[in-house]
$ cat target-v3.cif   # mmCIF, C-alpha atoms and all ligand atoms
data_protein
#
loop_
_atom_site.group_PDB
_atom_site.id
_atom_site.type_symbol
_atom_site.label_atom_id
_atom_site.label_comp_id
_atom_site.auth_asym_id
_atom_site.auth_seq_id
_atom_site.Cartn_x
_atom_site.Cartn_y
_atom_site.Cartn_z
ATOM 1 C CA MET P 1 0.000 0.000 0.000
ATOM 2 C CA PRO P 2 1.494 3.393 -0.929
ATOM 3 C CA SER P 3 2.013 6.405 1.307
ATOM 4 C CA THR P 4 -0.839 8.856 1.759
ATOM 5 C CA SER P 5 -0.463 12.617 1.870
ATOM 6 C CA ASP P 6 -0.248 12.544 5.668
ATOM 7 C CA HIS P 7 1.559 9.280 6.292
ATOM 8 C CA LEU P 8 4.517 7.432 4.847
ATOM 9 C CA VAL P 9 5.218 3.746 4.513
ATOM 10 C CA ILE P 10 8.533 2.607 5.923
ATOM 11 C CA GLY P 11 10.087 2.256 2.479
ATOM 12 C CA ASP P 12 9.390 5.897 1.730
ATOM 13 C CA VAL P 13 10.751 6.951 5.108
ATOM 14 C CA ALA P 14 13.915 4.972 4.391
ATOM 15 C CA ARG P 15 14.293 6.433 0.907
ATOM 16 C CA ARG P 16 13.694 10.009 1.999
ATOM 17 C CA SER P 17 15.848 9.822 5.127
ATOM 18 C CA GLY P 18 18.653 7.776 3.625
ATOM 19 C CA MET P 19 18.384 5.352 6.536
ATOM 20 C CA ALA P 20 17.862 1.607 6.371
ATOM 21 C CA SER P 21 14.373 0.299 7.110
ATOM 22 C CA SER P 22 15.923 -1.868 9.814
ATOM 23 C CA ALA P 23 17.330 1.235 11.523
ATOM 24 C CA ILE P 24 13.931 2.904 11.405
ATOM 25 C CA ARG P 25 12.281 -0.159 12.929
ATOM 26 C CA TYR P 26 14.975 -0.212 15.594
ATOM 27 C CA TYR P 27 14.461 3.447 16.485
ATOM 28 C CA GLU P 28 10.756 2.750 16.730
ATOM 29 C CA SER P 29 11.390 -0.222 19.016
ATOM 30 C CA GLN P 30 13.525 2.057 21.189
ATOM 31 C CA GLY P 31 10.731 4.588 21.544
ATOM 32 C CA LEU P 32 12.332 7.299 19.404
ATOM 33 C CA LEU P 33 9.686 7.115 16.684
ATOM 34 C CA ALA P 34 6.037 6.200 16.613
ATOM 35 C CA SER P 35 3.896 4.766 13.869
ATOM 36 C CA THR P 36 0.363 3.582 13.476
ATOM 37 C CA ARG P 37 -0.587 0.275 11.930
ATOM 38 C CA THR P 38 -2.999 -0.441 9.143
ATOM 39 C CA THR P 39 -5.529 -3.218 9.552
ATOM 40 C CA GLY P 40 -3.021 -5.343 7.675
ATOM 41 C CA GLY P 41 -0.344 -4.527 10.260
ATOM 42 C CA GLN P 42 1.773 -2.244 8.055
ATOM 43 C CA ARG P 43 3.490 0.744 9.641
ATOM 44 C CA ARG P 44 2.423 4.242 8.768
ATOM 45 C CA PHE P 45 4.630 7.121 9.896
ATOM 46 C CA PRO P 46 3.550 10.747 10.100
ATOM 47 C CA ARG P 47 5.509 12.928 7.676
ATOM 48 C CA ALA P 48 7.138 14.684 10.619
ATOM 49 C CA VAL P 49 9.114 11.496 11.220
ATOM 50 C CA LEU P 50 11.660 12.749 8.682
ATOM 51 C CA ARG P 51 12.507 15.750 10.828
ATOM 52 C CA ARG P 52 12.685 13.513 13.875
ATOM 53 C CA LEU P 53 15.109 11.202 12.071
ATOM 54 C CA ALA P 54 17.249 14.177 11.070
ATOM 55 C CA PHE P 55 17.343 15.160 14.742
ATOM 56 C CA ILE P 56 18.350 11.633 15.764
ATOM 57 C CA ARG P 57 21.120 11.509 13.195
ATOM 58 C CA ALA P 58 22.481 14.913 14.199
ATOM 59 C CA ALA P 59 22.417 13.941 17.864
ATOM 60 C CA GLN P 60 24.254 10.697 17.125
ATOM 61 C CA ASN P 61 26.877 12.641 15.206
ATOM 62 C CA VAL P 62 27.403 14.742 18.323
ATOM 63 C CA GLY P 63 27.972 11.518 20.228
ATOM 64 C CA LEU P 64 24.725 11.135 22.140
ATOM 65 C CA SER P 65 23.548 7.661 23.019
ATOM 66 C CA LEU P 66 20.047 6.541 22.105
ATOM 67 C CA ASP P 67 19.079 6.916 25.759
ATOM 68 C CA GLU P 68 20.250 10.518 25.719
ATOM 69 C CA ILE P 69 18.442 11.198 22.457
ATOM 70 C CA ARG P 70 15.258 9.717 23.885
ATOM 71 C CA ALA P 71 15.641 11.902 26.973
ATOM 72 C CA ALA P 72 16.083 14.976 24.763
ATOM 73 C CA LEU P 73 13.021 14.108 22.695
ATOM 74 C CA ASP P 74 11.063 13.474 25.885
ATOM 75 C CA THR P 75 11.616 17.109 26.913
ATOM 76 C CA LEU P 76 9.400 18.185 24.033
ATOM 77 C CA PRO P 77 5.743 18.742 24.868
ATOM 78 C CA SER P 78 3.646 15.701 23.988
ATOM 79 C CA GLY P 79 6.691 14.098 22.412
ATOM 80 C CA ARG P 80 6.299 16.230 19.307
ATOM 81 C CA THR P 81 8.861 16.673 16.556
ATOM 82 C CA PRO P 82 11.630 19.199 17.313
ATOM 83 C CA THR P 83 11.087 22.669 15.922
ATOM 84 C CA LYS P 84 13.849 25.070 14.952
ATOM 85 C CA ALA P 85 13.673 26.614 18.438
ATOM 86 C CA ASP P 86 13.834 23.173 20.063
ATOM 87 C CA TRP P 87 16.844 22.311 17.967
ATOM 88 C CA ALA P 88 18.595 25.514 18.971
ATOM 89 C CA ARG P 89 17.937 24.884 22.663
ATOM 90 C CA LEU P 90 18.937 21.225 22.621
ATOM 91 C CA SER P 91 21.989 21.645 20.428
ATOM 92 C CA ARG P 92 23.220 24.464 22.689
ATOM 93 C CA SER P 93 23.225 22.007 25.564
ATOM 94 C CA TRP P 94 25.483 19.700 23.556
ATOM 95 C CA GLN P 95 28.186 22.333 23.059
ATOM 96 C CA ALA P 96 30.059 21.312 26.207
ATOM 97 C CA ARG P 97 30.090 17.686 25.093
ATOM 98 C CA LEU P 98 31.521 18.611 21.708
ATOM 99 C CA ASP P 99 34.155 20.788 23.356
ATOM 100 C CA GLU P 100 35.112 17.881 25.607
ATOM 101 C CA GLN P 101 35.362 15.502 22.642
ATOM 102 C CA ILE P 102 37.456 17.967 20.669
ATOM 103 C CA ALA P 103 39.809 18.403 23.619
ATOM 104 C CA ALA P 104 40.098 14.621 23.992
ATOM 105 C CA LEU P 105 40.891 14.252 20.286
ATOM 106 C CA GLU P 106 43.497 16.988 20.535
ATOM 107 C CA ARG P 107 45.143 15.100 23.401
ATOM 108 C CA LEU P 108 45.131 11.937 21.280
ATOM 109 C CA ARG P 109 46.623 13.835 18.344
ATOM 110 C CA ASP P 110 49.332 15.294 20.548
ATOM 111 C CA GLY P 111 50.101 11.835 21.885
ATOM 112 C CA LEU P 112 50.283 10.443 18.383
ATOM 113 C CA THR P 113 53.240 12.679 17.605
ATOM 114 C CA THR P 114 55.412 10.761 20.052
ATOM 115 C CA CYS P 115 54.045 7.411 18.842
ATOM 116 C CA ILE P 116 54.816 7.816 15.155
ATOM 117 C CA GLY P 117 57.556 5.352 14.344
ATOM 118 C CA CYS P 118 57.561 3.967 17.897
ATOM 119 C CA GLY P 119 54.986 1.167 18.156
ATOM 120 C CA CYS P 120 55.756 0.212 21.757
ATOM 121 C CA LEU P 121 52.164 0.854 23.013
ATOM 122 C CA SER P 122 53.662 0.850 26.473
ATOM 123 C CA LEU P 123 51.055 1.000 29.215
ATOM 124 C CA GLN P 124 53.507 3.024 31.256
ATOM 125 C CA ARG P 125 54.525 5.736 28.830
ATOM 126 C CA CYS P 126 52.396 5.673 25.667
ATOM 127 C CA ARG P 127 49.866 8.510 25.675
ATOM 128 C CA LEU P 128 47.700 6.763 23.100
ATOM 129 C CA SER P 129 47.393 3.464 24.919
ATOM 130 C CA ASN P 130 47.183 5.132 28.342
ATOM 131 C CA PRO P 131 45.806 8.659 27.938
ATOM 132 C CA ASP P 132 46.554 10.878 30.898
ATOM 133 C CA ASP P 133 48.196 7.891 32.606
ATOM 134 C CA VAL P 134 44.972 6.977 34.397
ATOM 135 C CA LEU P 135 44.553 3.317 33.463
ATOM 136 C CA GLY P 136 45.166 2.009 36.925
ATOM 137 C CA GLU P 137 42.664 4.416 38.461
ATOM 138 C CA THR P 138 39.754 3.694 36.162
ATOM 139 C CA GLY P 139 39.126 0.030 36.878
ATOM 140 C CA PRO P 140 38.988 -3.002 34.657
ATOM 141 C CA GLY P 141 37.940 -3.236 31.016
ATOM 142 C CA ALA P 142 38.830 -1.367 27.852
ATOM 143 C CA ARG P 143 40.534 1.882 28.827
ATOM 144 C CA TYR P 144 42.251 3.012 25.690
ATOM 145 C CA LEU P 145 40.164 6.025 24.823
ATOM 146 C CA PRO P 146 39.833 9.211 26.841
ATOM 147 C CA PRO P 147 36.549 9.243 28.791
ATOM 148 C CA ALA P 148 34.902 11.769 26.467
ATOM 149 C CA LEU P 149 35.501 9.561 23.455
ATOM 150 C CA ARG P 150 34.841 6.322 25.303
ATOM 151 C CA ALA P 151 31.359 7.503 26.241
ATOM 152 C CA SER P 152 30.388 8.143 22.644
ATOM 153 C CA SER P 153 31.863 4.881 21.403
ATOM 154 C CA GLN P 154 29.800 2.733 23.800
ATOM 155 C CA ARG P 155 26.440 3.108 22.184
HETATM 156 S S1 LIG Z 201 53.613 3.708 20.668
HETATM 157 FE FE1 LIG Z 201 55.381 4.119 21.809
HETATM 158 S S2 LIG Z 201 54.900 5.911 22.922
HETATM 159 FE FE2 LIG Z 201 53.071 5.388 21.863
#

$ encode --input "target-v3.cif" --output "structure tokens" --more "lines below"
Ligand code: FES
Amino acid sequence: MPSTSDHLVIGDVARRSGMASSAIRYYESQGLLASTRTTGGQRRFPRAVLRRLAFIRAAQNVGLSLDEIRAALDTLPSGRTPTKADWARLSRSWQARLDEQIAALERLRDGLTTCIGCGCLSLQRCRLSNPDDVLGETGPGARYLPPALRASSQR
């Protein structure tokens, strides 16, 4: 069944957003999108879903987890689609996170200078394998990225 003027089938949402249908279904399962079902059980998305998907993609590019994106969307009245003003307010709140990620990348870049041609990956002295020399203080598990970058890579 094709899209109507008010609603889109998932294939049209995928084509217009550039996202895979599986990703759209996943976002829906995670509560980031909502659809209605036809009597035959097919999804129908409101056209505003495209703007919501653009918001989700932008937020992911900033490094937000799906939980954080859901929390941001939940701040909107009645769970509506973000407006330009909403986007301005929410994206402003992400500035500090971006600054932190940029600073972490700059520290990695600076560490890389000493690593070029070295290859030791020493846990004691390599700034790439042990940023800020804090491995022993941060507990077990993968510790090779600065916290700001680690947070965005664990989504
Ligand atoms: S690889 Fe030797 S200091 Fe980083």

$ resolve_selection --input "target-v3.cif" --expression "the PyMOL selection byres (((not hetatm)) within 6 of (chain Z and resi 201))" --output "list in words"
Thr114, Cys115, Cys118, Gly119, Cys120, Leu121, Ser122, Arg125, Cys126, Arg127 and Leu128 of chain P

$ closest_residue --input "target-v3.cif" --among "P:Thr81, P:Asn61, P:Gln101, P:Ser129" --to "P:Ala34" --atoms "all atoms listed in the file"
P:Thr81

$ closest_residue --input "target-v3.cif" --among "P:Ser29, P:Thr75, P:Thr39, P:Ser91" --to "P:Ala59" --atoms "all atoms listed in the file"
P:Ser91

$ residues_around --input "target-v3.cif" --residues "stretch 82-87 of chain P" --least-positions-apart "3" --cutoff "12 Å" --atoms "all atoms listed in the file" --output "PyMOL selection string"
chain P and resi 48-56+58-59+69+72-79+90-94

$ residues_around --input "target-v3.cif" --residues "P:Leu66" --least-positions-apart "4" --cutoff "10 Å" --atoms "only C-alpha atoms" --output "PyMOL selection string"
chain P and resi 27+30-32+56+59-60+70-72+155

$ atom_distance --input "target-v3.cif" --atom1 "atom CA of P:Arg43" --atom2 "atom CA of P:Gly11"
9.9 Å

$ atom_distance --input "target-v3.cif" --atom1 "atom CA of P:Ala103" --atom2 "atom CA of P:Gln124"
22.0 Å

$ atom_distance --input "target-v3.cif" --atom1 "atom CA of P:Tyr26" --atom2 "atom CA of P:Arg97"
25.3 Å

$ resolve_selection --input "target-v3.cif" --expression "the PyMOL selection byres (((chain P and resi 14) around 12) and not hetatm)" --output "list of chain:residue names"
P:Leu8, P:Val9, P:Ile10, P:Gly11, P:Asp12, P:Val13, P:Arg15, P:Arg16, P:Ser17, P:Gly18, P:Met19, P:Ala20, P:Ser21, P:Ser22, P:Ala23, P:Ile24, P:Arg25, P:Phe45, P:Val49, P:Leu50, P:Leu53, P:Ala54
